[in-house]
$ cat query.cif   # mmCIF, C-alpha atoms
data_start
loop_
_atom_site.group_PDB
_atom_site.id
_atom_site.type_symbol
_atom_site.label_atom_id
_atom_site.label_comp_id
_atom_site.auth_asym_id
_atom_site.auth_seq_id
_atom_site.Cartn_x
_atom_site.Cartn_y
_atom_site.Cartn_z
ATOM 1 C CA MET W 1 -73.736 -83.163 -52.101
ATOM 2 C CA TYR W 2 -77.492 -83.284 -52.299
ATOM 3 C CA GLU W 3 -79.872 -80.847 -53.911
ATOM 4 C CA GLY W 4 -81.373 -77.764 -52.336
ATOM 5 C CA VAL W 5 -83.212 -78.082 -49.053
ATOM 6 C CA VAL W 6 -81.867 -81.590 -48.277
ATOM 7 C CA GLN W 7 -78.303 -80.266 -48.352
ATOM 8 C CA ASP W 8 -79.410 -77.223 -46.325
ATOM 9 C CA LEU W 9 -80.811 -79.581 -43.668
ATOM 10 C CA ILE W 10 -77.595 -81.635 -43.591
ATOM 11 C CA ASP W 11 -75.524 -78.447 -43.321
ATOM 12 C CA GLU W 12 -77.633 -77.120 -40.423
ATOM 13 C CA LEU W 13 -77.544 -80.433 -38.563
ATOM 14 C CA GLY W 14 -73.780 -80.537 -39.088
ATOM 15 C CA HIS W 15 -73.451 -77.348 -37.022
ATOM 16 C CA LEU W 16 -74.744 -79.162 -33.925
ATOM 17 C CA PRO W 17 -72.053 -80.147 -31.413
ATOM 18 C CA GLY W 18 -70.958 -83.747 -31.738
ATOM 19 C CA VAL W 19 -72.637 -84.197 -35.122
ATOM 20 C CA GLY W 20 -70.240 -84.715 -37.997
ATOM 21 C CA PRO W 21 -71.075 -84.813 -41.713
ATOM 22 C CA LYS W 22 -72.069 -88.494 -41.690
ATOM 23 C CA GLY W 23 -74.166 -88.112 -38.540
ATOM 24 C CA ALA W 24 -75.900 -85.061 -40.017
ATOM 25 C CA GLN W 25 -76.682 -87.040 -43.149
ATOM 26 C CA ARG W 26 -78.117 -89.948 -41.100
ATOM 27 C CA ILE W 27 -80.316 -87.605 -39.059
ATOM 28 C CA ALA W 28 -81.497 -85.789 -42.184
ATOM 29 C CA PHE W 29 -82.544 -89.014 -43.883
ATOM 30 C CA HIS W 30 -84.193 -90.219 -40.683
ATOM 31 C CA LEU W 31 -86.262 -87.028 -40.649
ATOM 32 C CA LEU W 32 -87.126 -87.450 -44.329
ATOM 33 C CA GLN W 33 -88.478 -90.940 -43.627
ATOM 34 C CA ALA W 34 -90.289 -89.987 -40.404
ATOM 35 C CA GLU W 35 -94.006 -89.313 -40.190
ATOM 36 C CA PRO W 36 -94.875 -85.633 -40.833
ATOM 37 C CA ALA W 37 -96.529 -85.429 -37.393
ATOM 38 C CA ASP W 38 -93.287 -86.543 -35.699
ATOM 39 C CA VAL W 39 -91.227 -83.956 -37.580
ATOM 40 C CA ARG W 40 -93.779 -81.251 -36.806
ATOM 41 C CA ARG W 41 -93.705 -82.173 -33.095
ATOM 42 C CA LEU W 42 -89.880 -81.940 -33.106
ATOM 43 C CA ALA W 43 -90.021 -78.531 -34.807
ATOM 44 C CA GLU W 44 -92.609 -77.286 -32.307
ATOM 45 C CA VAL W 45 -90.545 -78.456 -29.326
ATOM 46 C CA LEU W 46 -87.436 -76.740 -30.717
ATOM 47 C CA LEU W 47 -89.345 -73.464 -31.110
ATOM 48 C CA GLU W 48 -90.938 -73.805 -27.670
ATOM 49 C CA VAL W 49 -87.553 -74.396 -26.022
ATOM 50 C CA LYS W 50 -86.180 -71.206 -27.604
ATOM 51 C CA GLU W 51 -89.240 -69.237 -26.461
ATOM 52 C CA ARG W 52 -89.637 -70.551 -22.906
ATOM 53 C CA VAL W 53 -86.241 -71.588 -21.577
ATOM 54 C CA ARG W 54 -83.928 -69.028 -20.047
ATOM 55 C CA PHE W 55 -81.156 -68.990 -17.486
ATOM 56 C CA CYS W 56 -81.765 -68.803 -13.743
ATOM 57 C CA SER W 57 -81.239 -65.279 -12.408
ATOM 58 C CA ILE W 58 -79.287 -66.648 -9.432
ATOM 59 C CA CYS W 59 -77.150 -69.581 -10.601
ATOM 60 C CA PHE W 60 -77.429 -69.429 -14.440
ATOM 61 C CA ASN W 61 -78.769 -72.982 -14.728
ATOM 62 C CA VAL W 62 -81.435 -73.535 -17.402
ATOM 63 C CA SER W 63 -84.964 -72.830 -16.230
ATOM 64 C CA GLU W 64 -88.414 -72.010 -17.481
ATOM 65 C CA ASP W 65 -88.902 -69.629 -14.547
ATOM 66 C CA GLU W 66 -86.963 -66.660 -13.201
ATOM 67 C CA GLN W 67 -85.238 -69.061 -10.786
ATOM 68 C CA CYS W 68 -84.453 -72.738 -11.353
ATOM 69 C CA ARG W 69 -85.996 -75.479 -9.197
ATOM 70 C CA ILE W 70 -82.718 -75.943 -7.252
ATOM 71 C CA CYS W 71 -82.475 -72.278 -6.259
ATOM 72 C CA ARG W 72 -86.184 -72.304 -5.268
ATOM 73 C CA ASP W 73 -85.798 -75.438 -3.110
ATOM 74 C CA PRO W 74 -85.598 -74.387 0.568
ATOM 75 C CA ARG W 75 -84.226 -77.832 1.514
ATOM 76 C CA ARG W 76 -80.955 -77.220 -0.354
ATOM 77 C CA ASP W 77 -77.946 -76.261 1.782
ATOM 78 C CA GLN W 78 -77.244 -72.582 1.104
ATOM 79 C CA ALA W 79 -73.863 -72.746 2.837
ATOM 80 C CA VAL W 80 -72.307 -75.007 0.170
ATOM 81 C CA LEU W 81 -71.940 -73.779 -3.400
ATOM 82 C CA CYS W 82 -70.731 -75.991 -6.246
ATOM 83 C CA VAL W 83 -69.204 -74.063 -9.157
ATOM 84 C CA VAL W 84 -69.497 -75.795 -12.538
ATOM 85 C CA GLU W 85 -68.674 -74.816 -16.105
ATOM 86 C CA GLU W 86 -71.957 -75.664 -17.853
ATOM 87 C CA TYR W 87 -75.556 -76.441 -16.930
ATOM 88 C CA LYS W 88 -75.071 -80.016 -18.179
ATOM 89 C CA ASP W 89 -72.598 -80.425 -15.305
ATOM 90 C CA VAL W 90 -75.424 -79.672 -12.860
ATOM 91 C CA VAL W 91 -77.392 -82.594 -14.320
ATOM 92 C CA ALA W 92 -74.369 -84.905 -14.024
ATOM 93 C CA ILE W 93 -73.841 -84.012 -10.352
ATOM 94 C CA GLU W 94 -77.551 -84.210 -9.533
ATOM 95 C CA ARG W 95 -77.676 -87.752 -10.943
ATOM 96 C CA THR W 96 -75.225 -88.873 -8.223
ATOM 97 C CA LYS W 97 -77.672 -87.783 -5.474
ATOM 98 C CA GLU W 98 -74.592 -86.946 -3.354
ATOM 99 C CA PHE W 99 -74.753 -83.146 -3.371
ATOM 100 C CA ARG W 100 -77.475 -81.220 -1.527
ATOM 101 C CA GLY W 101 -76.110 -77.686 -1.837
ATOM 102 C CA ARG W 102 -76.594 -75.069 -4.525
ATOM 103 C CA TYR W 103 -74.834 -74.364 -7.808
ATOM 104 C CA HIS W 104 -73.230 -71.582 -9.781
ATOM 105 C CA VAL W 105 -72.846 -72.097 -13.531
ATOM 106 C CA LEU W 106 -69.930 -70.145 -15.010
ATOM 107 C CA GLY W 107 -71.049 -70.516 -18.621
ATOM 108 C CA GLY W 108 -67.748 -71.985 -19.782
ATOM 109 C CA ALA W 109 -64.092 -72.090 -18.811
ATOM 110 C CA ILE W 110 -61.159 -69.748 -19.247
ATOM 111 C CA SER W 111 -59.630 -70.475 -22.651
ATOM 112 C CA PRO W 112 -57.339 -67.782 -24.079
ATOM 113 C CA ILE W 113 -57.007 -69.744 -27.331
ATOM 114 C CA ASP W 114 -60.789 -69.445 -27.827
ATOM 115 C CA GLY W 115 -60.846 -65.833 -26.662
ATOM 116 C CA ILE W 116 -62.660 -66.658 -23.411
ATOM 117 C CA GLY W 117 -61.376 -64.778 -20.408
ATOM 118 C CA PRO W 118 -62.778 -64.304 -16.897
ATOM 119 C CA ASP W 119 -64.936 -61.385 -18.083
ATOM 120 C CA GLN W 120 -66.905 -63.671 -20.415
ATOM 121 C CA LEU W 121 -67.861 -65.967 -17.512
ATOM 122 C CA HIS W 122 -70.263 -65.442 -14.590
ATOM 123 C CA ILE W 123 -67.434 -64.753 -12.135
ATOM 124 C CA ARG W 124 -68.601 -61.278 -11.094
ATOM 125 C CA GLU W 125 -71.985 -62.766 -10.237
ATOM 126 C CA LEU W 126 -70.255 -65.519 -8.231
ATOM 127 C CA LEU W 127 -68.368 -62.926 -6.177
ATOM 128 C CA ALA W 128 -71.629 -61.042 -5.578
ATOM 129 C CA ARG W 129 -73.287 -64.240 -4.315
ATOM 130 C CA LEU W 130 -70.427 -64.827 -1.879
ATOM 131 C CA ALA W 131 -70.362 -61.264 -0.547
ATOM 132 C CA ASP W 132 -73.036 -61.749 2.139
ATOM 133 C CA GLY W 133 -71.059 -64.474 3.968
ATOM 134 C CA ALA W 134 -73.845 -67.097 3.805
ATOM 135 C CA VAL W 135 -71.640 -69.527 1.864
ATOM 136 C CA SER W 136 -69.005 -71.337 3.936
ATOM 137 C CA GLU W 137 -67.665 -73.722 1.249
ATOM 138 C CA VAL W 138 -67.149 -73.394 -2.492
ATOM 139 C CA ILE W 139 -66.610 -76.636 -4.387
ATOM 140 C CA LEU W 140 -64.785 -76.104 -7.677
ATOM 141 C CA ALA W 141 -66.171 -78.756 -10.032
ATOM 142 C CA THR W 142 -64.600 -77.627 -13.281
ATOM 143 C CA ASP W 143 -63.536 -80.171 -15.892
ATOM 144 C CA PRO W 144 -60.183 -81.915 -15.314
ATOM 145 C CA ASN W 145 -58.637 -80.491 -18.491
ATOM 146 C CA LEU W 146 -56.363 -77.534 -19.234
ATOM 147 C CA GLU W 147 -59.200 -74.977 -19.400
ATOM 148 C CA GLY W 148 -60.924 -76.359 -16.288
ATOM 149 C CA GLU W 149 -57.679 -76.334 -14.338
ATOM 150 C CA ALA W 150 -56.947 -72.751 -15.400
ATOM 151 C CA THR W 151 -60.428 -71.716 -14.331
ATOM 152 C CA ALA W 152 -60.144 -73.479 -10.962
ATOM 153 C CA THR W 153 -56.731 -71.905 -10.322
ATOM 154 C CA TYR W 154 -58.045 -68.446 -11.203
ATOM 155 C CA LEU W 155 -61.077 -68.864 -8.938
ATOM 156 C CA THR W 156 -58.967 -70.194 -6.069
ATOM 157 C CA ARG W 157 -56.789 -67.069 -6.205
ATOM 158 C CA MET W 158 -59.844 -64.808 -6.377
ATOM 159 C CA LEU W 159 -61.721 -66.516 -3.533
ATOM 160 C CA ARG W 160 -58.790 -66.963 -1.142
ATOM 161 C CA ALA W 161 -59.245 -63.423 0.177
ATOM 162 C CA LEU W 162 -62.860 -64.169 1.191
ATOM 163 C CA GLU W 163 -61.818 -66.702 3.852
ATOM 164 C CA ILE W 164 -64.213 -69.315 2.506
ATOM 165 C CA ARG W 165 -63.298 -72.996 2.441
ATOM 166 C CA ILE W 166 -62.377 -73.815 -1.173
ATOM 167 C CA THR W 167 -62.417 -77.447 -2.247
ATOM 168 C CA ARG W 168 -61.866 -79.225 -5.533
ATOM 169 C CA LEU W 169 -63.524 -82.428 -6.692
ATOM 170 C CA ALA W 170 -61.293 -85.450 -6.251
ATOM 171 C CA SER W 171 -60.029 -86.924 -9.475
ATOM 172 C CA GLY W 172 -58.036 -89.941 -10.468
ATOM 173 C CA LEU W 173 -58.504 -93.343 -12.016
ATOM 174 C CA PRO W 174 -61.956 -94.410 -13.178
ATOM 175 C CA VAL W 175 -63.449 -97.589 -11.773
ATOM 176 C CA GLY W 176 -62.715 -100.413 -14.192
ATOM 177 C CA GLY W 177 -59.832 -98.548 -15.843
ATOM 178 C CA ASP W 178 -56.358 -99.917 -16.527
ATOM 179 C CA LEU W 179 -53.236 -98.114 -15.298
ATOM 180 C CA GLU W 180 -51.492 -98.524 -18.630
ATOM 181 C CA TYR W 181 -54.195 -96.456 -20.384
ATOM 182 C CA ALA W 182 -54.282 -93.612 -17.859
ATOM 183 C CA ASP W 183 -52.714 -90.334 -18.944
ATOM 184 C CA GLU W 184 -49.989 -88.755 -16.812
ATOM 185 C CA VAL W 185 -52.244 -86.062 -15.317
ATOM 186 C CA THR W 186 -54.903 -88.564 -14.242
ATOM 187 C CA LEU W 187 -52.340 -90.961 -12.790
ATOM 188 C CA GLY W 188 -50.544 -88.107 -11.022
ATOM 189 C CA ARG W 189 -53.838 -86.927 -9.503
ATOM 190 C CA ALA W 190 -54.601 -90.461 -8.351
ATOM 191 C CA PHE W 191 -51.278 -90.576 -6.470
ATOM 192 C CA ALA W 192 -51.722 -87.091 -5.009
ATOM 193 C CA GLY W 193 -55.251 -87.899 -3.827
ATOM 194 C CA ARG W 194 -54.490 -91.330 -2.383
ATOM 195 C CA ARG W 195 -56.103 -92.244 0.949
ATOM 196 C CA ALA W 196 -55.702 -94.917 3.591
ATOM 197 C CA ALA W 197 -56.904 -98.402 2.644
ATOM 198 C CA GLU W 198 -59.892 -99.553 4.662
#
$ encode --input "query.cif" --output "structure tokens"
Amino acid sequence: MYEGVVQDLIDELGHLPGVGPKGAQRIAFHLLQAEPADVRRLAEVLLEVKERVRFCSICFNVSEDEQCRICRDPRRDQAVLCVVEEYKDVVAIERTKEFRGRYHVLGGAISPIDGIGPDQLHIRELLARLADGAVSEVILATDPNLEGEATATYLTRMLRALEIRITRLASGLPVGGDLEYADEVTLGRAFAGRRAAE
């Protein structure tokens, strides 16, 4: 335990996701040793992000404008909608340069243990977006874990009545992985999603 404001800084940094007590301590001491101008610039950027960044009114991705750059882009395919859990998933998919449609960010996944049900997610807004019939395919790109699977199953049941093509991202073994280290779900998915050898 450190005195006063140093411990307060460590405690606050420790609340950040992925930062444990030791990481918080390292960051705190890095900031203490940094130039005052660098720390001030970091503080200003943090404040500016909180003031300027909001969520897109259409897809709920992060944006500085009413609509994000993807929703404003007329070159994007409006007939294909990729549903993801978080805005960081949009960035991951965009990095592949394989998807040219639009997105819908749910804001999480169904997790009864955490008290998150369908009403806490942007599912009503998703249904409203699909109501006009402009979307012909919905790609469910939720995480391949228990919560993501529950969310995808729930959405599949909800969307089936709309007569829209519903697809799920393929999943299986990672490139460079070893079979012996794969969990049962991943290995099972790899067998279920097998395709003809070329």
$ resolve_selection --input "query.cif" --expression "the PyMOL selection byres ((chain W and resi 125) around 10)" --output "ChimeraX atom specification"
/W:57-60,104-106,121-124,126-131
$ atom_distance --input "query.cif" --atom1 "CA of Ile27 (chain W)" --atom2 "CA of Val45 (chain W)"
16.8 Å
$ resolve_selection --input "query.cif" --expression "the PyMOL selection byres ((chain W and resi 70-76) around 7)" --output "MDAnalysis selection string"
chainID W and resid 67:69 77:78 100:102
$ resolve_selection --input "query.cif" --expression "the PyMOL selection byres ((chain W and resi 145-158) around 9)" --output "ChimeraX atom specification"
/W:85,108-112,118,123,127,140-144,159-162,166-168
$ residues_around --input "query.cif" --residues "Val53 (chain W)" --least-positions-apart "5" --cutoff "9 Å" --atoms "all atoms listed in the file" --output "PyMOL selection string"
chain W and resi 48+62-65
$ closest_residue --input "query.cif" --among "W:Ala43, W:Glu163, W:Val5, W:Gly107" --to "Cys56 (chain W)" --atoms "all atoms listed in the file"
W:Gly107
$ atom_distance --input "query.cif" --atom1 "CA of Ala192 (chain W)" --atom2 "CA of Ala170 (chain W)"
9.8 Å
$ atom_distance --input "query.cif" --atom1 "CA of Gly117 (chain W)" --atom2 "CA of Pro17 (chain W)"
21.7 Å
$ axis_aligned_box --input "query.cif" --around "region 180-194 of chain W" --padding-each-side "5 Å" --output "lines of an AutoDock Vina configuration file"
center_x = -52.6
center_y = -92.3
center_z = -11.4
size_x = 15.3
size_y = 22.5
size_z = 28.0
